[in-house]
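Asker: Quick one: structure below, then a few questions.
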Amino acid sequence: MFLSILGPGIITGSVDNDAGGITTYSVAGALYGYKLLWTLIPAFLVLYVVQEMNARMGIVTGKGLADLIRENFGVKVTFFIFLGLIIADIGNTTTEFAGVAGSMQIFGISKYFSVPIVAILVWIFVVNGSYRSAEKLFLAFSVFLLSYVVSAVLSKPNWSEIGSSLVKPSFELNTQFLSMTIGIVGTTIAPWMQFYMQSAVIEKGIKIKDYKYELWDVLIGCIATIVVAFFIIVACGSTLHQKGIVINDAKDAAMALQPLAGAFASQLFAFGLFIASIFAATILPLATAFYICEAFGFEAGIDKKLGEAPEFYTFFTAIIVISVAIILIPGAPLISITVWTQVINGILLPVVLVSMIIIVNKRDVMGNYINSHVKNIVGWSTIIILIILTAILTVEPFVH
């Protein structure tokens, strides 16, 4: 029974370690070594609580999060929330194709070849596939992300220092440290994930009798997310930070690892980036198309044919085309797009979480499956902390 339910939680968790996430973790490790590892502990707790709420809402209501936001807050509020999310998601998808380009450049393949080919293959797969075939491929991709564990071990980390960093949190009150912290939270618990998770639970047809099995699926997905993030930070903290090497993206990290940890570690890092980028370049446009169509009442789903859900496939195609076009512009500011997309995710996340928590506590929507007091405390605490961090990040440059 568990194996038949397995999928939405693991896929949502694994795809969270996309090109933008890998870049954020790589830069965090290179800049601060192991100092930011402690942020992954509260991130895991919050990730699990949020993903469980998503799964429960989808199973109980049979509706996507976008649908529920529109029904409970109206079309105007939905429009403004989604305007911000769409901008962030186009930035996210652009980052995924940047990851494809960067990882293939390490193997000597030009972005003008790799990016269009991958985009076309992704489009063909989604348009001609089904949810079942997509899920099998996505689960396979999830396993390949464990290559980062090997890269980290090859970098010969200082385990006692890592343990100390986990139990003794450090914090700095400056723009760079705060933006890095918000970026890690923003990429570990991205707004678009909530919409995809709920849609996946519904499309898979999971019922309330299967809820206990779906909880395990969510838990395994959250553990996978944090484990991969942990080893990316460790790999870069053990090598790049020790040598004072500054990087701008995940491709830089893969290249810089070669003289420090060996060619195999470097190639594994690049391979992980390539797999993660294709994985997310497929799911991110899908998630965006899902929630836009849900919010405004259009047909949506991979199991629908092109003629059955024209709006869904139009949005999906448009996001891919725009993202690829940006990547292929010579001199496009990809680093800025990557970093600020993650920060935008961190800023938008409280808005999505507030909507979720209000809805999940409505008895007329959730019946007896409303939130417990503990889950409400974790959810509201996350929102308050994110708002405070974002406010400090916005005000701090004007103070100095």
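So you can find residues: chains in the structure tokens are A, B, ... in the order shown, residues in each start at 1, and ligands are numbered from 1 in order.
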Fewer than 5 positions away in the same chain doesn't count, so skip those; otherwise give me all residues within 7 Å of Asp16 of chain A, counting only C-alpha atoms, as a list in words.

Answerer: Gly21, Thr187, Thr188 and Thr225 of chain A

Asker: Do you know which residues are at most 12 Å from Lys63 of chain A counting only C-alpha atoms, after dropping those on the same chain fewer than 2 positions away, and could you put them as a compact mmCIF listing (two decimals) with N, CA and C atoms, in the first residue's frame?

Answerer:
# COMPACT_ATOMS: atom_id res chain seq x y z
N ASN A 54 -0.31 20.51 3.22
CA ASN A 54 -0.67 20.44 1.80
C ASN A 54 -1.32 19.12 1.44
N ALA A 55 -0.67 18.02 1.86
CA ALA A 55 -1.19 16.69 1.55
C ALA A 55 -2.58 16.52 2.14
N ARG A 56 -2.75 16.94 3.40
CA ARG A 56 -4.04 16.79 4.09
C ARG A 56 -5.12 17.61 3.40
N MET A 57 -4.80 18.84 3.02
CA MET A 57 -5.79 19.70 2.34
C MET A 57 -6.22 19.08 1.01
N GLY A 58 -5.23 18.56 0.26
CA GLY A 58 -5.55 17.96 -1.03
C GLY A 58 -6.41 16.72 -0.90
N ILE A 59 -6.05 15.86 0.08
CA ILE A 59 -6.78 14.61 0.29
C ILE A 59 -8.21 14.87 0.76
N VAL A 60 -8.36 15.80 1.73
CA VAL A 60 -9.69 16.06 2.33
C VAL A 60 -10.61 16.79 1.36
N THR A 61 -10.10 17.82 0.69
CA THR A 61 -10.96 18.67 -0.15
C THR A 61 -11.05 18.20 -1.60
N LEU A 65 -4.47 23.94 -4.06
CA LEU A 65 -4.32 25.12 -3.20
C LEU A 65 -4.79 26.38 -3.90
N ALA A 66 -4.50 26.50 -5.19
CA ALA A 66 -4.93 27.68 -5.95
C ALA A 66 -6.45 27.81 -5.96
N ASP A 67 -7.11 26.69 -6.16
CA ASP A 67 -8.57 26.63 -6.16
C ASP A 67 -9.12 27.10 -4.81
N LEU A 68 -8.51 26.62 -3.72
CA LEU A 68 -8.96 26.97 -2.37
C LEU A 68 -8.72 28.44 -2.05
N ILE A 69 -7.58 28.98 -2.51
CA ILE A 69 -7.29 30.41 -2.28
C ILE A 69 -8.32 31.27 -2.99
N ARG A 70 -8.65 30.91 -4.24
CA ARG A 70 -9.66 31.69 -4.99
C ARG A 70 -11.02 31.63 -4.31
N GLU A 71 -11.41 30.44 -3.86
CA GLU A 71 -12.72 30.28 -3.22
C GLU A 71 -12.82 31.04 -1.89
N PHE A 195 1.85 24.36 -4.12
CA PHE A 195 0.84 24.15 -5.16
C PHE A 195 1.05 22.82 -5.87
N TYR A 196 2.33 22.49 -6.15
CA TYR A 196 2.60 21.23 -6.84
C TYR A 196 2.23 20.03 -5.97
N MET A 197 2.61 20.08 -4.70
CA MET A 197 2.35 18.96 -3.78
C MET A 197 0.86 18.64 -3.73
N GLN A 198 0.05 19.68 -3.57
CA GLN A 198 -1.39 19.46 -3.45
C GLN A 198 -1.99 18.93 -4.75
N SER A 199 -1.51 19.47 -5.88
CA SER A 199 -2.00 19.01 -7.19
C SER A 199 -1.62 17.56 -7.42
N ALA A 200 -0.37 17.19 -7.01
CA ALA A 200 0.11 15.81 -7.22
C ALA A 200 -0.70 14.81 -6.42
N VAL A 201 -1.04 15.16 -5.17
CA VAL A 201 -1.85 14.29 -4.32
C VAL A 201 -3.22 14.05 -4.96
N ILE A 202 -3.80 15.11 -5.52
CA ILE A 202 -5.11 15.00 -6.15
C ILE A 202 -5.02 14.18 -7.44
N GLU A 203 -4.01 14.48 -8.26
CA GLU A 203 -3.89 13.78 -9.55
C GLU A 203 -3.61 12.29 -9.35
N GLY A 205 -4.87 10.62 -6.94
CA GLY A 205 -6.12 10.05 -6.46
C GLY A 205 -6.04 9.46 -5.06
N ILE A 206 -5.19 10.06 -4.18
CA ILE A 206 -5.03 9.53 -2.82
C ILE A 206 -6.25 9.90 -1.97
N PHE A 290 -0.35 24.44 -13.46
CA PHE A 290 -1.37 23.83 -12.59
C PHE A 290 -2.11 24.90 -11.80
N TYR A 291 -1.34 25.72 -11.05
CA TYR A 291 -2.05 26.61 -10.12
C TYR A 291 -2.71 27.79 -10.81
N GLU A 294 -5.96 26.12 -12.08
CA GLU A 294 -6.84 25.84 -10.93
C GLU A 294 -7.51 27.11 -10.43
N ALA A 295 -6.70 28.18 -10.33
CA ALA A 295 -7.21 29.43 -9.76
C ALA A 295 -8.32 30.03 -10.60
N GLY A 297 -10.14 28.28 -12.98
CA GLY A 297 -11.16 27.33 -13.43
C GLY A 297 -10.91 26.64 -14.75
N ALA A 300 -6.79 21.20 -16.05
CA ALA A 300 -5.34 21.07 -15.85
C ALA A 300 -4.98 19.64 -15.51
N ILE A 359 -6.95 28.68 5.64
CA ILE A 359 -7.85 27.71 5.00
C ILE A 359 -7.88 26.38 5.78
N VAL A 365 -14.31 23.82 5.52
CA VAL A 365 -13.48 23.31 4.42
C VAL A 365 -12.87 21.96 4.77
N MET A 366 -12.33 21.85 6.01
CA MET A 366 -11.53 20.67 6.39
C MET A 366 -12.27 19.69 7.31

Asker: What is the distance between atom CA of Gly129 of chain A and atom CA of Phe316 of chain A, in Å to one decimal?

Answerer: 13.9 Å

Asker: Of the candidates A:Leu240, A:Ile106, A:Leu31, A:Leu45, which shows the shortest atom-to-atom distance to Val374 of chain A, using only C-alpha atoms?

Answerer: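 Of A:Leu240, A:Ile106, A:Leu31, A:Leu45, the one nearest Val374 of chain A, counting only C-alpha atoms, is A:Leu45.
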
Asker: Run DSSP on the backbone and grab whatever in segment 19-243 of chain A lands in alpha helix (DSSP H); send it over as a count of residues only.

Answerer: 187

Asker: Write out as a PyMOL selection string which residues come within 8 Å of segment 83-91 of chain A when counting only C-alpha atoms, dropping same-chain ones fewer than 4 positions away.

Answerer: chain A and resi 79+95+191-192+284-285+288+319+322-323+337-338+341+344-345+348

Asker: Go ahead and dump the residues you just picked, C-alpha atoms, as an mmCIF file, in the first residue's frame.

Answerer:
data_model
loop_
_atom_site.group_PDB
_atom_site.id
_atom_site.type_symbol
_atom_site.label_atom_id
_atom_site.label_comp_id
_atom_site.auth_asym_id
_atom_site.auth_seq_id
_atom_site.Cartn_x
_atom_site.Cartn_y
_atom_site.Cartn_z
ATOM 1 C CA PHE A 79 -4.562 37.584 -9.007
ATOM 2 C CA THR A 95 17.620 29.249 -13.279
ATOM 3 C CA PRO A 191 6.097 28.771 -2.505
ATOM 4 C CA TRP A 192 5.518 26.843 -5.751
ATOM 5 C CA LEU A 284 8.297 24.101 -12.160
ATOM 6 C CA PRO A 285 6.443 25.078 -15.378
ATOM 7 C CA THR A 288 2.888 27.069 -12.370
ATOM 8 C CA ILE A 319 7.054 29.528 -19.350
ATOM 9 C CA ILE A 322 10.419 32.622 -22.059
ATOM 10 C CA SER A 323 12.966 30.935 -19.769
ATOM 11 C CA ILE A 337 18.270 36.181 -11.541
ATOM 12 C CA THR A 338 19.227 33.076 -9.528
ATOM 13 C CA THR A 341 14.592 34.626 -7.359
ATOM 14 C CA ILE A 344 11.656 36.631 -3.798
ATOM 15 C CA ASN A 345 10.635 33.074 -2.840
ATOM 16 C CA LEU A 348 6.415 35.436 -1.032
#

Asker: Could I get the residues of segment 209-274 of chain A with an atom no further than 7 Å from an atom of segment 99-102 of chain A, each paired with its nearest atom pair and that distance in Å to one decimal, using only C-alpha atoms, sorted by chain and residue number, as a Markdown table?

Answerer:
| residue | atom | partner | partner_atom | distance |
| --- | --- | --- | --- | --- |
| A:Lys251 | CA | A:Gly102 | CA | 5.2 |
| A:Leu273 | CA | A:Gly99 | CA | 6.3 |
| A:Phe274 | CA | A:Val100 | CA | 5.2 |

Asker: Identify, on the basis of only C-alpha atoms, every residue whose closest approach to Val49 of chain A does not exceed 12 Å; exclude the query and any residue fewer than 2 positions from it along the same chain; express the result as a VMD selection string.

Answerer: chain A and resid 42 to 47 51 to 56 189 194 215 218 to 219 222 353 356 to 357 371 to 382

Asker: Quick one: of A:Leu349, A:Tyr34, A:Ile208, A:Arg363, who's nearest to Met193 of chain A, counting only C-alpha atoms?

Answerer: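 Between A:Leu349, A:Tyr34, A:Ile208, A:Arg363, the residue approaching Met193 of chain A most closely is A:Leu349.
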
Asker: Please list as a tab-separated table (two decimals) with C-alpha atoms, in the first residue's frame every residue within 10 Å of segment 152-168 of chain A, counting only C-alpha atoms and excluding residues in the same chain fewer than 6 positions away.

Answerer:
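Dumped to part_15.tsv:
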chain	number	residue	atom	x	y	z
A	33	GLY	CA	31.71	27.09	5.52
A	34	TYR	CA	29.58	25.10	7.95
A	35	LYS	CA	28.14	28.16	9.74
A	36	LEU	CA	24.71	27.95	8.08
A	37	LEU	CA	24.17	24.20	8.51
A	38	TRP	CA	22.04	24.83	11.62
A	39	THR	CA	19.38	26.54	9.47
A	40	LEU	CA	18.56	23.13	7.95
A	41	ILE	CA	17.21	21.82	11.29
A	228	VAL	CA	21.06	16.62	-0.10
A	230	PHE	CA	23.39	19.34	3.95
A	231	PHE	CA	25.95	17.51	1.77
A	232	ILE	CA	26.08	20.30	-0.84
A	233	ILE	CA	26.94	22.85	1.90
A	234	VAL	CA	29.46	20.38	3.39
A	235	ALA	CA	31.14	19.73	0.00
A	236	CYS	CA	31.62	23.45	-0.68
A	237	GLY	CA	32.40	24.36	2.94
A	238	SER	CA	35.12	21.67	3.14
A	239	THR	CA	36.88	22.80	-0.03
A	240	LEU	CA	36.01	26.24	-1.40
A	257	LEU	CA	36.03	21.16	-6.77
A	260	LEU	CA	40.53	20.32	-4.48
A	261	ALA	CA	38.57	17.05	-4.33
A	262	GLY	CA	39.40	15.41	-7.67
A	264	PHE	CA	35.32	12.50	-10.04
A	265	ALA	CA	33.91	14.73	-7.27
A	266	SER	CA	33.69	17.61	-9.75
A	269	PHE	CA	28.63	17.58	-8.68

Asker: Counting only C-alpha atoms, which of A:Asp364, A:Ile388, A:Ile327, A:Phe73 gets nearest to Ser110 of chain A?

Answerer: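 That would be A:Ile327, the residue with the smallest distance to Ser110 of chain A.
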